[in-house]
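Coordinates as given in upload08.txt (compact mmCIF, N, CA and C atoms):
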```txt
# COMPACT_ATOMS: atom_id res chain seq x y z
N MET M 1318 -22.27 8.55 14.32
CA MET M 1318 -21.48 9.64 13.79
C MET M 1318 -20.11 9.69 14.49
N LEU M 1319 -20.12 9.48 15.81
CA LEU M 1319 -18.87 9.49 16.54
C LEU M 1319 -17.96 8.38 16.05
N ARG M 1320 -18.54 7.21 15.73
CA ARG M 1320 -17.76 6.09 15.22
C ARG M 1320 -17.07 6.47 13.91
N ILE M 1321 -17.78 7.19 13.05
CA ILE M 1321 -17.19 7.62 11.78
C ILE M 1321 -16.02 8.57 12.05
N PHE M 1322 -16.22 9.50 12.97
CA PHE M 1322 -15.15 10.44 13.29
C PHE M 1322 -13.93 9.71 13.85
N VAL M 1323 -14.16 8.81 14.78
CA VAL M 1323 -13.05 8.07 15.38
C VAL M 1323 -12.34 7.24 14.32
N SER M 1324 -13.10 6.58 13.45
CA SER M 1324 -12.50 5.76 12.40
C SER M 1324 -11.63 6.60 11.48
N CYS M 1325 -12.14 7.76 11.11
CA CYS M 1325 -11.36 8.61 10.22
C CYS M 1325 -10.14 9.19 10.94
N ALA M 1326 -10.26 9.43 12.23
CA ALA M 1326 -9.13 9.96 12.99
C ALA M 1326 -8.01 8.93 13.07
N LEU M 1327 -8.36 7.65 12.98
CA LEU M 1327 -7.35 6.60 13.07
C LEU M 1327 -6.72 6.28 11.72
N LEU M 1328 -7.11 7.00 10.71
CA LEU M 1328 -6.62 6.73 9.36
C LEU M 1328 -5.10 6.88 9.27
N VAL M 1329 -4.47 5.92 8.66
CA VAL M 1329 -3.02 5.96 8.48
C VAL M 1329 -2.73 5.93 6.99
N LEU M 1330 -1.97 6.91 6.52
CA LEU M 1330 -1.62 6.98 5.11
C LEU M 1330 -0.10 6.90 4.99
N SER M 1331 0.36 6.05 4.06
CA SER M 1331 1.80 5.93 3.91
C SER M 1331 2.22 6.25 2.48
N ALA M 1332 3.35 6.96 2.36
CA ALA M 1332 3.98 7.25 1.08
C ALA M 1332 3.04 7.89 0.08
N CYS M 1333 2.26 8.89 0.49
CA CYS M 1333 1.33 9.55 -0.42
C CYS M 1333 1.58 11.05 -0.39
N SER M 1334 1.33 11.70 -1.51
CA SER M 1334 1.46 13.15 -1.56
C SER M 1334 0.33 13.79 -0.77
N THR M 1335 0.43 15.09 -0.49
CA THR M 1335 -0.60 15.78 0.28
C THR M 1335 -1.94 15.73 -0.43
N GLN M 1336 -1.96 15.98 -1.74
CA GLN M 1336 -3.20 15.94 -2.49
C GLN M 1336 -3.78 14.53 -2.49
N LYS M 1337 -2.93 13.55 -2.73
CA LYS M 1337 -3.37 12.17 -2.74
C LYS M 1337 -3.90 11.78 -1.36
N SER M 1338 -3.22 12.24 -0.32
CA SER M 1338 -3.65 11.95 1.05
C SER M 1338 -5.04 12.50 1.31
N ALA M 1339 -5.31 13.71 0.88
CA ALA M 1339 -6.63 14.31 1.07
C ALA M 1339 -7.69 13.51 0.31
N GLU M 1340 -7.36 13.10 -0.89
CA GLU M 1340 -8.30 12.30 -1.68
C GLU M 1340 -8.54 10.94 -1.01
N LEU M 1341 -7.49 10.34 -0.50
CA LEU M 1341 -7.62 9.04 0.16
C LEU M 1341 -8.37 9.17 1.48
N GLU M 1342 -8.15 10.26 2.21
CA GLU M 1342 -8.91 10.50 3.43
C GLU M 1342 -10.40 10.61 3.11
N ALA M 1343 -10.72 11.31 2.04
CA ALA M 1343 -12.12 11.45 1.62
C ALA M 1343 -12.69 10.08 1.23
N PHE M 1344 -11.89 9.27 0.56
CA PHE M 1344 -12.35 7.94 0.18
C PHE M 1344 -12.57 7.07 1.42
N ALA M 1345 -11.67 7.17 2.39
CA ALA M 1345 -11.83 6.42 3.64
C ALA M 1345 -13.11 6.84 4.37
N ARG M 1346 -13.40 8.14 4.36
CA ARG M 1346 -14.65 8.61 4.98
C ARG M 1346 -15.86 8.05 4.24
N ALA M 1347 -15.79 8.05 2.90
CA ALA M 1347 -16.90 7.50 2.11
C ALA M 1347 -17.09 6.01 2.41
N PHE M 1348 -15.97 5.29 2.53
CA PHE M 1348 -16.05 3.87 2.85
C PHE M 1348 -16.68 3.67 4.23
N THR M 1349 -16.23 4.45 5.20
CA THR M 1349 -16.74 4.34 6.56
C THR M 1349 -18.24 4.63 6.61
N GLU M 1350 -18.66 5.68 5.92
CA GLU M 1350 -20.09 6.03 5.88
C GLU M 1350 -20.89 4.93 5.19
N ALA M 1351 -20.38 4.41 4.09
CA ALA M 1351 -21.07 3.33 3.37
C ALA M 1351 -21.15 2.08 4.24
N ASN M 1352 -20.11 1.83 5.01
CA ASN M 1352 -20.08 0.68 5.90
C ASN M 1352 -21.15 0.78 6.99
N GLN M 1353 -21.49 1.97 7.39
CA GLN M 1353 -22.47 2.17 8.45
C GLN M 1353 -23.91 2.24 7.93
N ALA M 1354 -24.09 2.19 6.62
CA ALA M 1354 -25.44 2.22 6.05
C ALA M 1354 -26.17 0.92 6.37
N THR M 1355 -27.48 0.96 6.27
CA THR M 1355 -28.27 -0.24 6.57
C THR M 1355 -28.46 -1.12 5.35
N GLU M 1356 -28.11 -0.62 4.18
CA GLU M 1356 -28.22 -1.39 2.94
C GLU M 1356 -26.89 -1.35 2.20
N VAL M 1357 -26.71 -2.25 1.22
CA VAL M 1357 -25.42 -2.35 0.52
C VAL M 1357 -25.23 -1.33 -0.60
N GLU M 1358 -26.26 -0.65 -1.03
CA GLU M 1358 -26.15 0.26 -2.17
C GLU M 1358 -25.07 1.34 -2.00
N PRO M 1359 -24.98 2.00 -0.83
CA PRO M 1359 -23.90 2.99 -0.69
C PRO M 1359 -22.51 2.37 -0.85
N MET M 1360 -22.33 1.14 -0.38
CA MET M 1360 -21.03 0.49 -0.53
C MET M 1360 -20.80 0.14 -2.00
N LEU M 1361 -21.82 -0.35 -2.68
CA LEU M 1361 -21.66 -0.68 -4.10
C LEU M 1361 -21.29 0.56 -4.92
N ALA M 1362 -21.74 1.73 -4.47
CA ALA M 1362 -21.47 2.98 -5.19
C ALA M 1362 -19.99 3.35 -5.19
N ILE M 1363 -19.19 2.80 -4.26
CA ILE M 1363 -17.76 3.13 -4.25
C ILE M 1363 -16.92 2.03 -4.90
N TYR M 1364 -17.59 1.10 -5.56
CA TYR M 1364 -16.92 0.06 -6.34
C TYR M 1364 -16.91 0.45 -7.80
N ALA M 1365 -15.90 0.03 -8.53
CA ALA M 1365 -15.85 0.17 -9.98
C ALA M 1365 -16.53 -1.08 -10.55
N LEU M 1366 -17.76 -0.93 -10.99
CA LEU M 1366 -18.55 -2.08 -11.44
C LEU M 1366 -18.84 -2.06 -12.94
N GLU M 1367 -18.25 -1.13 -13.67
CA GLU M 1367 -18.49 -1.03 -15.10
C GLU M 1367 -18.05 -2.32 -15.79
N GLY M 1368 -18.96 -2.93 -16.53
CA GLY M 1368 -18.64 -4.13 -17.29
C GLY M 1368 -18.75 -5.42 -16.51
N THR M 1369 -19.09 -5.34 -15.21
CA THR M 1369 -19.21 -6.57 -14.43
C THR M 1369 -20.51 -7.29 -14.77
N THR M 1370 -20.55 -8.56 -14.47
CA THR M 1370 -21.75 -9.36 -14.73
C THR M 1370 -22.71 -9.25 -13.56
N GLU M 1371 -23.95 -9.60 -13.80
CA GLU M 1371 -24.94 -9.62 -12.72
C GLU M 1371 -24.53 -10.63 -11.65
N ASN M 1372 -23.96 -11.75 -12.08
CA ASN M 1372 -23.51 -12.75 -11.12
C ASN M 1372 -22.43 -12.18 -10.21
N THR M 1373 -21.48 -11.45 -10.77
CA THR M 1373 -20.42 -10.82 -9.97
C THR M 1373 -21.04 -9.83 -8.99
N LYS M 1374 -21.98 -9.03 -9.44
CA LYS M 1374 -22.63 -8.05 -8.56
C LYS M 1374 -23.38 -8.75 -7.42
N ASN M 1375 -24.06 -9.85 -7.73
CA ASN M 1375 -24.78 -10.59 -6.69
C ASN M 1375 -23.83 -11.20 -5.67
N LEU M 1376 -22.72 -11.78 -6.15
CA LEU M 1376 -21.72 -12.33 -5.24
C LEU M 1376 -21.14 -11.24 -4.34
N LEU M 1377 -20.88 -10.08 -4.93
CA LEU M 1377 -20.33 -8.96 -4.18
C LEU M 1377 -21.33 -8.49 -3.12
N LYS M 1378 -22.60 -8.37 -3.48
CA LYS M 1378 -23.62 -7.95 -2.50
C LYS M 1378 -23.64 -8.89 -1.31
N ASN M 1379 -23.61 -10.19 -1.57
CA ASN M 1379 -23.63 -11.16 -0.48
C ASN M 1379 -22.41 -11.03 0.41
N ALA M 1380 -21.24 -10.82 -0.19
CA ALA M 1380 -20.01 -10.66 0.60
C ALA M 1380 -20.08 -9.38 1.44
N LEU M 1381 -20.61 -8.32 0.86
CA LEU M 1381 -20.69 -7.04 1.57
C LEU M 1381 -21.63 -7.11 2.76
N LEU M 1382 -22.66 -7.91 2.66
CA LEU M 1382 -23.61 -8.03 3.76
C LEU M 1382 -22.94 -8.54 5.03
N TYR M 1383 -21.91 -9.37 4.87
CA TYR M 1383 -21.19 -9.90 6.03
C TYR M 1383 -20.45 -8.79 6.78
N GLU M 1384 -19.85 -7.87 6.06
CA GLU M 1384 -19.02 -6.83 6.69
C GLU M 1384 -19.78 -5.55 7.01
N LEU M 1385 -20.92 -5.37 6.37
CA LEU M 1385 -21.69 -4.13 6.56
C LEU M 1385 -22.01 -3.92 8.04
N GLY M 1386 -21.65 -2.76 8.53
CA GLY M 1386 -21.96 -2.41 9.91
C GLY M 1386 -20.91 -2.81 10.93
N LEU M 1387 -19.90 -3.59 10.52
CA LEU M 1387 -18.84 -3.93 11.47
C LEU M 1387 -18.11 -2.64 11.86
N PRO M 1388 -17.80 -2.48 13.13
CA PRO M 1388 -17.09 -1.26 13.54
C PRO M 1388 -15.66 -1.24 13.01
N ILE M 1389 -15.30 -0.15 12.37
CA ILE M 1389 -13.98 -0.02 11.77
C ILE M 1389 -13.00 0.52 12.80
N GLN M 1390 -11.88 -0.17 12.92
CA GLN M 1390 -10.80 0.29 13.80
C GLN M 1390 -9.89 1.24 13.05
N SER M 1391 -9.49 0.86 11.81
CA SER M 1391 -8.59 1.71 11.04
C SER M 1391 -8.67 1.37 9.56
N ILE M 1392 -8.26 2.33 8.76
CA ILE M 1392 -8.14 2.15 7.31
C ILE M 1392 -6.75 2.65 6.94
N GLU M 1393 -6.00 1.79 6.26
CA GLU M 1393 -4.65 2.15 5.82
C GLU M 1393 -4.54 1.94 4.32
N PHE M 1394 -3.74 2.76 3.69
CA PHE M 1394 -3.45 2.63 2.28
C PHE M 1394 -2.00 2.23 2.12
N GLU M 1395 -1.75 1.22 1.30
CA GLU M 1395 -0.41 0.67 1.15
C GLU M 1395 -0.05 0.56 -0.33
N ALA M 1396 1.22 0.63 -0.59
CA ALA M 1396 1.70 0.41 -1.96
C ALA M 1396 1.45 -1.05 -2.34
N LEU M 1397 1.24 -1.28 -3.61
CA LEU M 1397 1.09 -2.65 -4.10
C LEU M 1397 2.45 -3.33 -4.07
N THR M 1398 2.44 -4.62 -3.79
CA THR M 1398 3.68 -5.38 -3.69
C THR M 1398 3.93 -6.27 -4.90
N GLY M 1399 2.91 -6.43 -5.74
CA GLY M 1399 3.02 -7.32 -6.89
C GLY M 1399 2.66 -8.76 -6.56
N SER M 1400 2.15 -8.99 -5.36
CA SER M 1400 1.79 -10.36 -4.98
C SER M 1400 0.57 -10.84 -5.76
N HIS M 1401 0.43 -12.15 -5.84
CA HIS M 1401 -0.66 -12.76 -6.60
C HIS M 1401 -2.03 -12.31 -6.11
N GLU M 1402 -2.17 -12.14 -4.81
CA GLU M 1402 -3.47 -11.76 -4.25
C GLU M 1402 -3.95 -10.38 -4.72
N GLU M 1403 -3.03 -9.55 -5.20
CA GLU M 1403 -3.41 -8.23 -5.69
C GLU M 1403 -3.92 -8.27 -7.12
N SER M 1404 -3.70 -9.36 -7.80
CA SER M 1404 -4.15 -9.49 -9.18
C SER M 1404 -5.62 -9.87 -9.23
N ILE M 1405 -6.33 -9.26 -10.13
CA ILE M 1405 -7.75 -9.55 -10.24
C ILE M 1405 -8.01 -10.38 -11.50
N GLU M 1406 -6.96 -10.75 -12.17
CA GLU M 1406 -7.12 -11.58 -13.37
C GLU M 1406 -7.28 -13.03 -12.97
N TYR M 1407 -8.30 -13.68 -13.54
CA TYR M 1407 -8.53 -15.10 -13.28
C TYR M 1407 -9.42 -15.68 -14.37
N ARG M 1408 -9.53 -16.99 -14.36
CA ARG M 1408 -10.37 -17.71 -15.33
C ARG M 1408 -11.38 -18.52 -14.53
N HIS M 1409 -12.66 -18.43 -14.93
CA HIS M 1409 -13.73 -19.17 -14.25
C HIS M 1409 -14.72 -19.67 -15.30
N GLN M 1410 -14.93 -20.97 -15.30
CA GLN M 1410 -15.84 -21.63 -16.24
C GLN M 1410 -15.57 -21.21 -17.68
N GLY M 1411 -14.29 -21.19 -18.02
CA GLY M 1411 -13.89 -20.89 -19.39
C GLY M 1411 -13.90 -19.43 -19.77
N VAL M 1412 -14.17 -18.55 -18.83
CA VAL M 1412 -14.21 -17.11 -19.11
C VAL M 1412 -13.05 -16.43 -18.38
N ASP M 1413 -12.30 -15.59 -19.09
CA ASP M 1413 -11.22 -14.82 -18.50
C ASP M 1413 -11.78 -13.52 -17.94
N TYR M 1414 -11.36 -13.19 -16.72
CA TYR M 1414 -11.79 -11.97 -16.05
C TYR M 1414 -10.58 -11.07 -15.80
N ILE M 1415 -10.82 -9.76 -15.87
CA ILE M 1415 -9.78 -8.77 -15.60
C ILE M 1415 -10.34 -7.70 -14.66
N ALA M 1416 -9.46 -6.87 -14.16
CA ALA M 1416 -9.86 -5.79 -13.24
C ALA M 1416 -10.67 -4.72 -13.96
N THR M 1417 -11.61 -4.14 -13.24
CA THR M 1417 -12.42 -3.05 -13.80
C THR M 1417 -11.63 -1.74 -13.88
N LEU M 1418 -10.57 -1.62 -13.10
CA LEU M 1418 -9.67 -0.47 -13.12
C LEU M 1418 -8.25 -0.96 -12.92
N GLU M 1419 -7.30 -0.14 -13.27
CA GLU M 1419 -5.90 -0.45 -13.01
C GLU M 1419 -5.63 -0.27 -11.51
N PRO M 1420 -5.19 -1.31 -10.82
CA PRO M 1420 -4.91 -1.18 -9.39
C PRO M 1420 -3.77 -0.19 -9.13
N SER M 1421 -3.97 0.68 -8.13
CA SER M 1421 -2.95 1.66 -7.75
C SER M 1421 -2.44 1.46 -6.34
N LEU M 1422 -3.34 1.11 -5.44
CA LEU M 1422 -3.01 0.95 -4.03
C LEU M 1422 -3.81 -0.20 -3.43
N ARG M 1423 -3.38 -0.62 -2.26
CA ARG M 1423 -4.15 -1.59 -1.50
C ARG M 1423 -4.71 -0.85 -0.29
N MET M 1424 -5.98 -1.10 0.01
CA MET M 1424 -6.61 -0.52 1.19
C MET M 1424 -6.84 -1.65 2.20
N ARG M 1425 -6.30 -1.46 3.39
CA ARG M 1425 -6.47 -2.45 4.47
C ARG M 1425 -7.45 -1.88 5.48
N VAL M 1426 -8.55 -2.60 5.67
CA VAL M 1426 -9.57 -2.18 6.64
C VAL M 1426 -9.53 -3.16 7.80
N ARG M 1427 -9.24 -2.62 8.97
CA ARG M 1427 -9.24 -3.44 10.19
C ARG M 1427 -10.51 -3.12 10.96
N TYR M 1428 -11.17 -4.18 11.40
CA TYR M 1428 -12.42 -4.02 12.14
C TYR M 1428 -12.19 -4.24 13.63
N GLU M 1429 -12.98 -3.59 14.45
CA GLU M 1429 -12.94 -3.76 15.90
C GLU M 1429 -13.77 -4.98 16.27
N THR M 1430 -13.26 -6.14 15.96
CA THR M 1430 -13.95 -7.38 16.29
C THR M 1430 -13.05 -8.22 17.19
N GLU M 1431 -13.67 -9.17 17.83
CA GLU M 1431 -12.93 -10.04 18.74
C GLU M 1431 -11.77 -10.75 18.04
N ASP M 1432 -12.00 -11.14 16.80
CA ASP M 1432 -10.96 -11.87 16.06
C ASP M 1432 -10.06 -10.96 15.23
N ARG M 1433 -10.22 -9.63 15.39
CA ARG M 1433 -9.40 -8.64 14.66
C ARG M 1433 -9.50 -8.82 13.15
N PHE M 1434 -10.70 -9.06 12.68
CA PHE M 1434 -10.96 -9.28 11.26
C PHE M 1434 -10.48 -8.08 10.45
N GLU M 1435 -9.93 -8.36 9.26
CA GLU M 1435 -9.53 -7.30 8.34
C GLU M 1435 -9.79 -7.72 6.91
N SER M 1436 -9.98 -6.73 6.06
CA SER M 1436 -10.19 -6.96 4.63
C SER M 1436 -9.19 -6.14 3.84
N LEU M 1437 -8.77 -6.70 2.71
CA LEU M 1437 -7.89 -6.00 1.79
C LEU M 1437 -8.64 -5.71 0.50
N PHE M 1438 -8.48 -4.52 -0.02
CA PHE M 1438 -9.13 -4.11 -1.25
C PHE M 1438 -8.08 -3.49 -2.17
N SER M 1439 -8.14 -3.81 -3.45
CA SER M 1439 -7.34 -3.10 -4.44
C SER M 1439 -8.17 -1.91 -4.88
N ILE M 1440 -7.54 -0.74 -4.94
CA ILE M 1440 -8.26 0.45 -5.36
C ILE M 1440 -7.52 1.13 -6.51
N GLY M 1441 -8.26 1.89 -7.28
CA GLY M 1441 -7.69 2.64 -8.40
C GLY M 1441 -8.58 3.82 -8.70
N LYS M 1442 -8.11 4.68 -9.60
CA LYS M 1442 -8.89 5.85 -9.99
C LYS M 1442 -9.61 5.56 -11.30
N ASN M 1443 -10.87 5.99 -11.36
CA ASN M 1443 -11.64 5.84 -12.60
C ASN M 1443 -11.34 7.02 -13.54
N SER M 1444 -12.00 7.05 -14.68
CA SER M 1444 -11.72 8.10 -15.68
C SER M 1444 -12.08 9.49 -15.18
N ALA M 1445 -12.93 9.57 -14.16
CA ALA M 1445 -13.30 10.87 -13.57
C ALA M 1445 -12.34 11.27 -12.45
N GLY M 1446 -11.31 10.45 -12.21
CA GLY M 1446 -10.33 10.76 -11.18
C GLY M 1446 -10.78 10.41 -9.77
N GLN M 1447 -11.81 9.57 -9.64
CA GLN M 1447 -12.32 9.18 -8.33
C GLN M 1447 -11.75 7.82 -7.92
N TRP M 1448 -11.38 7.70 -6.65
CA TRP M 1448 -10.93 6.42 -6.13
C TRP M 1448 -12.11 5.47 -6.05
N ARG M 1449 -11.89 4.24 -6.46
CA ARG M 1449 -12.93 3.20 -6.42
C ARG M 1449 -12.28 1.87 -6.04
N ILE M 1450 -13.07 1.02 -5.41
CA ILE M 1450 -12.64 -0.36 -5.13
C ILE M 1450 -12.80 -1.14 -6.42
N ILE M 1451 -11.79 -1.91 -6.75
CA ILE M 1451 -11.76 -2.62 -8.03
C ILE M 1451 -12.51 -3.94 -7.92
N SER M 1452 -13.23 -4.24 -8.99
CA SER M 1452 -13.93 -5.52 -9.11
C SER M 1452 -13.40 -6.20 -10.36
N SER M 1453 -14.11 -7.20 -10.84
CA SER M 1453 -13.68 -7.90 -12.04
C SER M 1453 -14.77 -7.87 -13.10
N ARG M 1454 -14.32 -8.00 -14.34
CA ARG M 1454 -15.26 -8.05 -15.47
C ARG M 1454 -14.71 -9.04 -16.49
N PRO M 1455 -15.61 -9.62 -17.29
CA PRO M 1455 -15.13 -10.51 -18.34
C PRO M 1455 -14.30 -9.75 -19.37
N MET M 1456 -13.29 -10.40 -19.93
CA MET M 1456 -12.46 -9.77 -20.97
C MET M 1456 -13.25 -9.53 -22.22
```
When written as structure tokens, how does the structure in this file appear?
Amino acid sequence: MLRIFVSCALLVLSACSTQKSAELEAFARAFTEANQATEVEPMLAIYALEGTTENTKNLLKNALLYELGLPIQSIEFEALTGSHEESIEYRHQGVDYIATLEPSLRMRVRYETEDRFESLFSIGKNSAGQWRIISSRPM
């Protein structure tokens, strides 16, 4: 619990309105809590997975298992830059994939590891107005 408090206290938000900041702080807390769970389901719950394939979900679960439980140093939200890495559109085995939500921000998660590991996530709001991590789905 102390780790969650410390992680949230280190939260850095840039160029966001007060309301947006509160929403993003809540999302960062949800991410931190999901990260500390013993199973991947809480983390999957903060992803936008509507329309994704079972294969995509399985790949995501395996990737999440690597990071699950790593101590979080900080979570920052950044404006999108338009770089290629922010795009979720791609083609695989003849199938075109697109983002499950319109990307709005990038979330940078830095972990307290020896190698200073960090992950970048594109996030957006779903139709209910909730922040979610974006995944991909077939067109």
Given all atoms listed in the file, how would the per-residue table for range 1376-1420 of chain M near range 1339-1347 of chain M read, listing every residue at most 8 Å away with its closest atom pair and distance in Å to one decimal, sorted by chain and number, as a tab-separated table?
```
residue	atom	partner	partner_atom	distance
M:Ile1392	CA	M:Ala1345	CA	6.7
M:Glu1393	N	M:Ala1345	CA	7.9
M:Phe1394	CA	M:Leu1341	CA	7.9
```
Next item on the list: Apply DSSP to the backbone of this structure and, from range 1334-1456 of chain M, keep only the residues in alpha helix (DSSP H); write these as a PyMOL selection string.
Entry: chain M and resi 1335-1352+1358-1361+1371-1384
Check: When DSSP works through the backbone of this structure, what residues of chain M end up as strand (DSSP E), shown as a VMD selection string?
Finding: chain M and resid 1329 to 1330 1364 to 1365 1389 to 1396 1407 to 1409 1412 to 1416 1422 to 1428 1435 to 1442 1448 to 1451 1453 to 1455
Checklist line | Distance in Å - atom N of Leu1366 in chain M versus atom N of Asn1352 in chain M | finding: 16.4 Å
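Atom N of Glu1429 in chain M lies 27.7 Å from atom N of Thr1417 in chain M.
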Note to self: List as a PyMOL selection string the protein and nucleic acid residues near range 1435-1447 of chain M, meaning an atom at most 7 Å away when only N, CA and C atoms are counted, but skip any in the same chain fewer than 6 places from it.
What the structure shows: chain M and resi 1403+1418-1428
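Comparing M:Thr1349, M:Gln1410, M:Thr1370, M:Ser1404 by their smallest distance to Gly1386 in chain M, the closest is M:Thr1349 (using only C-alpha atoms).
You can rank M:Arg1454, M:Glu1402, M:Leu1382, M:Glu1356 by their closest distance to Thr1369 in chain M using only C-alpha atoms, and at the top of that list sits M:Arg1454.
Note that CA of Ser1453 in chain M and CA of Glu1406 in chain M are 7.6 Å apart.
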Box centre and edge lengths (Å, one decimal), axis-aligned, range 1372-1388 of chain M plus 8 Å each side, as JSON:
```
{"center_x": -20.2, "center_y": -7.0, "center_z": 0.7, "size_x": 25.1, "size_y": 27.5, "size_z": 41.6}
```
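Ranking M:Asn1379, M:Ser1391, M:Asn1372, M:Ser1338 by their shortest atom-to-atom distance to Met1360 in chain M, with only C-alpha atoms included, puts M:Asn1379 first.
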Checklist line | Which of M:Pro1455, M:Ser1400, M:Val1357, M:Thr1430 sits closest to Leu1381 in chain M [using only N, CA and C atoms] | finding: M:Val1357
So that I can look at just that part, could you write range 1417-1431 of chain M with N, CA and C atoms, as a PDB file, in the first residue's frame?
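Result went into out.pdb, see below:
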```pdb
ATOM      1  N   THR M1417      -7.928   0.530 -30.894  1.00  0.00           N
ATOM      2  CA  THR M1417      -9.256   0.314 -30.312  1.00  0.00           C
ATOM      3  C   THR M1417      -9.896   1.626 -29.864  1.00  0.00           C
ATOM      4  N   LEU M1418      -9.091   2.659 -29.653  1.00  0.00           N
ATOM      5  CA  LEU M1418      -9.563   4.003 -29.303  1.00  0.00           C
ATOM      6  C   LEU M1418      -8.682   5.019 -30.004  1.00  0.00           C
ATOM      7  N   GLU M1419      -9.170   6.220 -30.107  1.00  0.00           N
ATOM      8  CA  GLU M1419      -8.367   7.317 -30.649  1.00  0.00           C
ATOM      9  C   GLU M1419      -7.321   7.721 -29.602  1.00  0.00           C
ATOM     10  N   PRO M1420      -6.042   7.643 -29.935  1.00  0.00           N
ATOM     11  CA  PRO M1420      -5.009   8.030 -28.968  1.00  0.00           C
ATOM     12  C   PRO M1420      -5.096   9.520 -28.617  1.00  0.00           C
ATOM     13  N   SER M1421      -4.982   9.818 -27.316  1.00  0.00           N
ATOM     14  CA  SER M1421      -5.019  11.203 -26.843  1.00  0.00           C
ATOM     15  C   SER M1421      -3.718  11.626 -26.182  1.00  0.00           C
ATOM     16  N   LEU M1422      -3.124  10.722 -25.429  1.00  0.00           N
ATOM     17  CA  LEU M1422      -1.906  11.012 -24.680  1.00  0.00           C
ATOM     18  C   LEU M1422      -0.996   9.788 -24.672  1.00  0.00           C
ATOM     19  N   ARG M1423       0.234  10.034 -24.288  1.00  0.00           N
ATOM     20  CA  ARG M1423       1.161   8.930 -24.066  1.00  0.00           C
ATOM     21  C   ARG M1423       1.411   8.864 -22.560  1.00  0.00           C
ATOM     22  N   MET M1424       1.402   7.647 -22.018  1.00  0.00           N
ATOM     23  CA  MET M1424       1.702   7.435 -20.611  1.00  0.00           C
ATOM     24  C   MET M1424       3.064   6.753 -20.521  1.00  0.00           C
ATOM     25  N   ARG M1425       3.971   7.377 -19.786  1.00  0.00           N
ATOM     26  CA  ARG M1425       5.314   6.817 -19.588  1.00  0.00           C
ATOM     27  C   ARG M1425       5.390   6.285 -18.162  1.00  0.00           C
ATOM     28  N   VAL M1426       5.653   4.990 -18.048  1.00  0.00           N
ATOM     29  CA  VAL M1426       5.783   4.357 -16.743  1.00  0.00           C
ATOM     30  C   VAL M1426       7.248   3.982 -16.549  1.00  0.00           C
ATOM     31  N   ARG M1427       7.841   4.558 -15.520  1.00  0.00           N
ATOM     32  CA  ARG M1427       9.229   4.234 -15.183  1.00  0.00           C
ATOM     33  C   ARG M1427       9.210   3.315 -13.969  1.00  0.00           C
ATOM     34  N   TYR M1428       9.993   2.253 -14.067  1.00  0.00           N
ATOM     35  CA  TYR M1428      10.052   1.279 -12.980  1.00  0.00           C
ATOM     36  C   TYR M1428      11.334   1.455 -12.181  1.00  0.00           C
ATOM     37  N   GLU M1429      11.280   1.119 -10.904  1.00  0.00           N
ATOM     38  CA  GLU M1429      12.447   1.156 -10.027  1.00  0.00           C
ATOM     39  C   GLU M1429      13.227  -0.140 -10.204  1.00  0.00           C
ATOM     40  N   THR M1430      13.885  -0.263 -11.328  1.00  0.00           N
ATOM     41  CA  THR M1430      14.690  -1.448 -11.595  1.00  0.00           C
ATOM     42  C   THR M1430      16.132  -1.017 -11.834  1.00  0.00           C
ATOM     43  N   GLU M1431      17.007  -1.974 -11.743  1.00  0.00           N
ATOM     44  CA  GLU M1431      18.426  -1.701 -11.936  1.00  0.00           C
ATOM     45  C   GLU M1431      18.708  -1.056 -13.294  1.00  0.00           C
TER      46      GLU M1431
END
```
